[in-house]
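A short worksheet on the structure shown next.
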Amino acid sequence: PPQAGPRAAAAPAAPESGGSPPLVSAGLVDQTPATEPGQAPALSTPVVTTEGSGSASGTPSVMTLSIGVDTTASHAGEALNDSSVKATAVQQALRGDGIALSDIQTSDLSLSPSYDNSSSTPSGYQATNTVVAKLRDLSKAGKVIDDAVAAAGDSGRLEGVRFAIDDSTAFATEARKIAVAQARSRADELAAAAGMKVAGLRSLTENADQAPYP
């Protein structure tokens, strides 16, 4: 029996800033027995395997921003302390702009020595820290970014922003329905072309990948 190509993925997608709306794509294999009209399916019944894919789009509802904090000092403890103070200032600025404490976290804290010329003795230390926050009111995006970076002074930098749909369940469901309908329609077409009729579903498989697309 004829078979379709590889199975497509089911995935909610979030575009980068300025990109197109996120997409949720679903793909599956509709494996159905094709028989003469009026015949009951049997294990030896010919099988037609088809593929379907579907997509649904939506507008981003949340933005995740990452603010990096880099500090240097002669001693490791000083660099770490300065990094902590400035990361705390960034968090306070975010809280002041209405972001919930549960939507703010720090990550990627690191400390590394720095050297002058070919000396094997550290001349100082650099501490890096990252504050990650989720913004649910996108109308405040510009102000929130400006305030957060400014709170860290010369040590602050915007590492990036990412937009997403906070709950893509409804879009995934819609995409799956479209994919199933497409696969079944193709099975009916192939069976009819062979002078047969689809009698029922033999198996259904979804290959899901939940990683968001950029």
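By order of appearance in the structure tokens: chains A, B, ..., then residues from 1 within every chain, and ligands from 1 in the order shown.
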
Env of Asp82 of chain A: 9 Å cut, atoms = only C-alpha atoms, seq-sep filter 5 positions within chain, self excluded. Answer as number ranges by chain.
A: 71-73, 77, 87, 127

Selection: 10 Å around Gly124 of chain A, only C-alpha atoms, excl. self and same-chain fewer than 5 positions, as an mmCIF file with N, CA, C and O atoms, in the first residue's frame:
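Written file, around-v8.cif:
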data_model
loop_
_atom_site.group_PDB
_atom_site.id
_atom_site.type_symbol
_atom_site.label_atom_id
_atom_site.label_comp_id
_atom_site.auth_asym_id
_atom_site.auth_seq_id
_atom_site.Cartn_x
_atom_site.Cartn_y
_atom_site.Cartn_z
ATOM 1 N N THR A 72 33.535 43.590 38.108
ATOM 2 C CA THR A 72 34.940 43.234 38.292
ATOM 3 C C THR A 72 35.453 43.876 39.578
ATOM 4 O O THR A 72 35.003 44.960 39.978
ATOM 5 N N ALA A 73 36.404 43.215 40.212
ATOM 6 C CA ALA A 73 37.004 43.725 41.441
ATOM 7 C C ALA A 73 38.349 43.041 41.651
ATOM 8 O O ALA A 73 38.658 42.018 41.017
ATOM 9 N N SER A 74 39.127 43.596 42.557
ATOM 10 C CA SER A 74 40.449 43.033 42.833
ATOM 11 C C SER A 74 40.361 41.692 43.536
ATOM 12 O O SER A 74 41.232 40.831 43.368
ATOM 13 N N HIS A 75 39.310 41.518 44.320
ATOM 14 C CA HIS A 75 39.149 40.284 45.087
ATOM 15 C C HIS A 75 37.842 39.588 44.695
ATOM 16 O O HIS A 75 36.852 40.240 44.330
ATOM 17 N N ALA A 76 37.858 38.276 44.787
ATOM 18 C CA ALA A 76 36.700 37.481 44.372
ATOM 19 C C ALA A 76 35.451 37.852 45.162
ATOM 20 O O ALA A 76 34.358 38.009 44.598
ATOM 21 N N GLU A 78 34.651 40.619 46.605
ATOM 22 C CA GLU A 78 34.130 41.927 46.228
ATOM 23 C C GLU A 78 33.348 41.851 44.919
ATOM 24 O O GLU A 78 32.288 42.476 44.766
ATOM 25 N N ALA A 79 33.886 41.094 43.958
ATOM 26 C CA ALA A 79 33.203 40.955 42.674
ATOM 27 C C ALA A 79 31.854 40.274 42.847
ATOM 28 O O ALA A 79 30.848 40.694 42.263
ATOM 29 N N SER A 112 35.259 34.291 37.544
ATOM 30 C CA SER A 112 36.470 33.882 36.845
ATOM 31 C C SER A 112 37.575 34.906 37.077
ATOM 32 O O SER A 112 37.302 36.112 37.195
ATOM 33 N N PRO A 113 38.823 34.436 37.149
ATOM 34 C CA PRO A 113 39.948 35.364 37.341
ATOM 35 C C PRO A 113 40.312 36.064 36.038
ATOM 36 O O PRO A 113 40.063 35.551 34.941
ATOM 37 N N SER A 114 40.900 37.235 36.150
ATOM 38 C CA SER A 114 41.409 37.948 34.975
ATOM 39 C C SER A 114 42.908 38.175 35.163
ATOM 40 O O SER A 114 43.392 38.291 36.296
ATOM 41 N N TYR A 115 43.625 38.232 34.062
ATOM 42 C CA TYR A 115 45.088 38.313 34.135
ATOM 43 C C TYR A 115 45.608 39.479 33.279
ATOM 44 O O TYR A 115 44.979 39.842 32.259
ATOM 45 N N ASP A 116 46.698 40.034 33.674
ATOM 46 C CA ASP A 116 47.369 41.079 32.910
ATOM 47 C C ASP A 116 48.569 40.480 32.178
ATOM 48 O O ASP A 116 49.412 39.815 32.793
#

I'd like to know which residues of segment 126-203 of chain A are helix (DSSP H, G or I) (by DSSP, run on the backbone); could you write them as a PyMOL selection string?
chain A and resi 138-151+153-155+169-193

Write out as a list in words each polymer residue whose atoms come within 6 Å of segment 133-143 of chain A, counting only C-alpha atoms; drop sequence neighbours fewer than 6 positions from it.
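Close residues of segment 133-143 of chain A: Val62, Met63, Thr64, Leu65, Asp103 and Ile104 of chain A.
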
Write out as a ChimeraX atom specification the set of residues from segment 131-161 of chain A that DSSP, computed on the backbone, places in strand (DSSP E or B).
/A:131-135,156-161

Next, dump the selected residues to file, keeping only N, CA, C and O atoms, as a PDB file, in the first residue's frame.
ATOM      1  N   VAL A 131      19.598  37.931  35.456  1.00  0.00           N
ATOM      2  CA  VAL A 131      18.252  38.023  36.026  1.00  0.00           C
ATOM      3  C   VAL A 131      17.263  37.765  34.890  1.00  0.00           C
ATOM      4  O   VAL A 131      17.305  38.437  33.855  1.00  0.00           O
ATOM      5  N   VAL A 132      16.405  36.778  35.079  1.00  0.00           N
ATOM      6  CA  VAL A 132      15.410  36.406  34.063  1.00  0.00           C
ATOM      7  C   VAL A 132      14.026  36.710  34.601  1.00  0.00           C
ATOM      8  O   VAL A 132      13.692  36.338  35.735  1.00  0.00           O
ATOM      9  N   ALA A 133      13.214  37.399  33.800  1.00  0.00           N
ATOM     10  CA  ALA A 133      11.868  37.776  34.248  1.00  0.00           C
ATOM     11  C   ALA A 133      10.854  37.521  33.147  1.00  0.00           C
ATOM     12  O   ALA A 133      11.161  37.609  31.957  1.00  0.00           O
ATOM     13  N   LYS A 134       9.644  37.204  33.565  1.00  0.00           N
ATOM     14  CA  LYS A 134       8.543  36.972  32.625  1.00  0.00           C
ATOM     15  C   LYS A 134       7.553  38.136  32.746  1.00  0.00           C
ATOM     16  O   LYS A 134       6.991  38.376  33.810  1.00  0.00           O
ATOM     17  N   LEU A 135       7.352  38.836  31.654  1.00  0.00           N
ATOM     18  CA  LEU A 135       6.439  39.981  31.616  1.00  0.00           C
ATOM     19  C   LEU A 135       5.129  39.556  30.964  1.00  0.00           C
ATOM     20  O   LEU A 135       5.122  39.066  29.837  1.00  0.00           O
ATOM     21  N   GLY A 156      25.109  46.522  33.660  1.00  0.00           N
ATOM     22  CA  GLY A 156      23.934  45.835  33.116  1.00  0.00           C
ATOM     23  C   GLY A 156      23.912  45.788  31.610  1.00  0.00           C
ATOM     24  O   GLY A 156      24.423  46.678  30.927  1.00  0.00           O
ATOM     25  N   ARG A 157      23.327  44.739  31.069  1.00  0.00           N
ATOM     26  CA  ARG A 157      23.159  44.613  29.617  1.00  0.00           C
ATOM     27  C   ARG A 157      21.935  43.739  29.338  1.00  0.00           C
ATOM     28  O   ARG A 157      21.607  42.842  30.121  1.00  0.00           O
ATOM     29  N   LEU A 158      21.284  44.012  28.244  1.00  0.00           N
ATOM     30  CA  LEU A 158      20.159  43.183  27.823  1.00  0.00           C
ATOM     31  C   LEU A 158      20.696  42.005  27.032  1.00  0.00           C
ATOM     32  O   LEU A 158      21.279  42.173  25.964  1.00  0.00           O
ATOM     33  N   GLU A 159      20.493  40.796  27.553  1.00  0.00           N
ATOM     34  CA  GLU A 159      20.990  39.607  26.864  1.00  0.00           C
ATOM     35  C   GLU A 159      20.020  39.113  25.800  1.00  0.00           C
ATOM     36  O   GLU A 159      20.424  38.431  24.859  1.00  0.00           O
ATOM     37  N   GLY A 160      18.740  39.427  25.958  1.00  0.00           N
ATOM     38  CA  GLY A 160      17.788  39.001  24.942  1.00  0.00           C
ATOM     39  C   GLY A 160      16.367  38.963  25.473  1.00  0.00           C
ATOM     40  O   GLY A 160      16.130  39.020  26.682  1.00  0.00           O
ATOM     41  N   VAL A 161      15.429  38.897  24.544  1.00  0.00           N
ATOM     42  CA  VAL A 161      14.010  38.759  24.888  1.00  0.00           C
ATOM     43  C   VAL A 161      13.420  37.633  24.044  1.00  0.00           C
ATOM     44  O   VAL A 161      13.912  37.332  22.954  1.00  0.00           O
TER      45      VAL A 161
END

Give me, please, the distance in Å between atom CA of Leu101 of chain A and atom CA of Val144 of chain A, quoted to one decimal.
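These atoms are spaced 14.4 Å apart.
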
How many Å lie between atom CA of Gly96 of chain A and atom CA of Asp146 of chain A, rounded to one decimal?
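The value is 12.6 Å.
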
Distance criterion (only C-alpha atoms): nearest to Pro46 of chain A out of A:Ala148, A:Ala199, A:Leu204, A:Val90
A:Ala199

Atom CA of Asp70 of chain A to atom CA of Ser118 of chain A, distance in Å rounded to a single decimal
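Computed distance, atom CA of Asp70 of chain A to atom CA of Ser118 of chain A, equals 23.4 Å.
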
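Closest to Ala170 of chain A among A:Asn207, A:Ser57, A:Thr49, A:Gln105 is A:Ser57, based on only C-alpha atoms.
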
Using only C-alpha atoms, find the one residue out of A:Arg162, A:Arg176, A:Arg184, A:Lys86 that sits nearest to Gly54 of chain A.
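Distance minimum relative to Gly54 of chain A lands on A:Arg176.
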
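Non-sequential neighbours of Asp188 of chain A (distance at most 7 Å, separation of 3 or more positions within a chain, only C-alpha atoms) are Arg184, Ser185, Ala191, Ala192, Lys197 and Val198 of chain A.
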
Considering only C-alpha atoms, can you say which of A:Gln92, A:Ser55, A:Thr50, A:Thr106 comes closest to Val69 of chain A?
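Selected residue with least distance to Val69 of chain A: A:Thr106.
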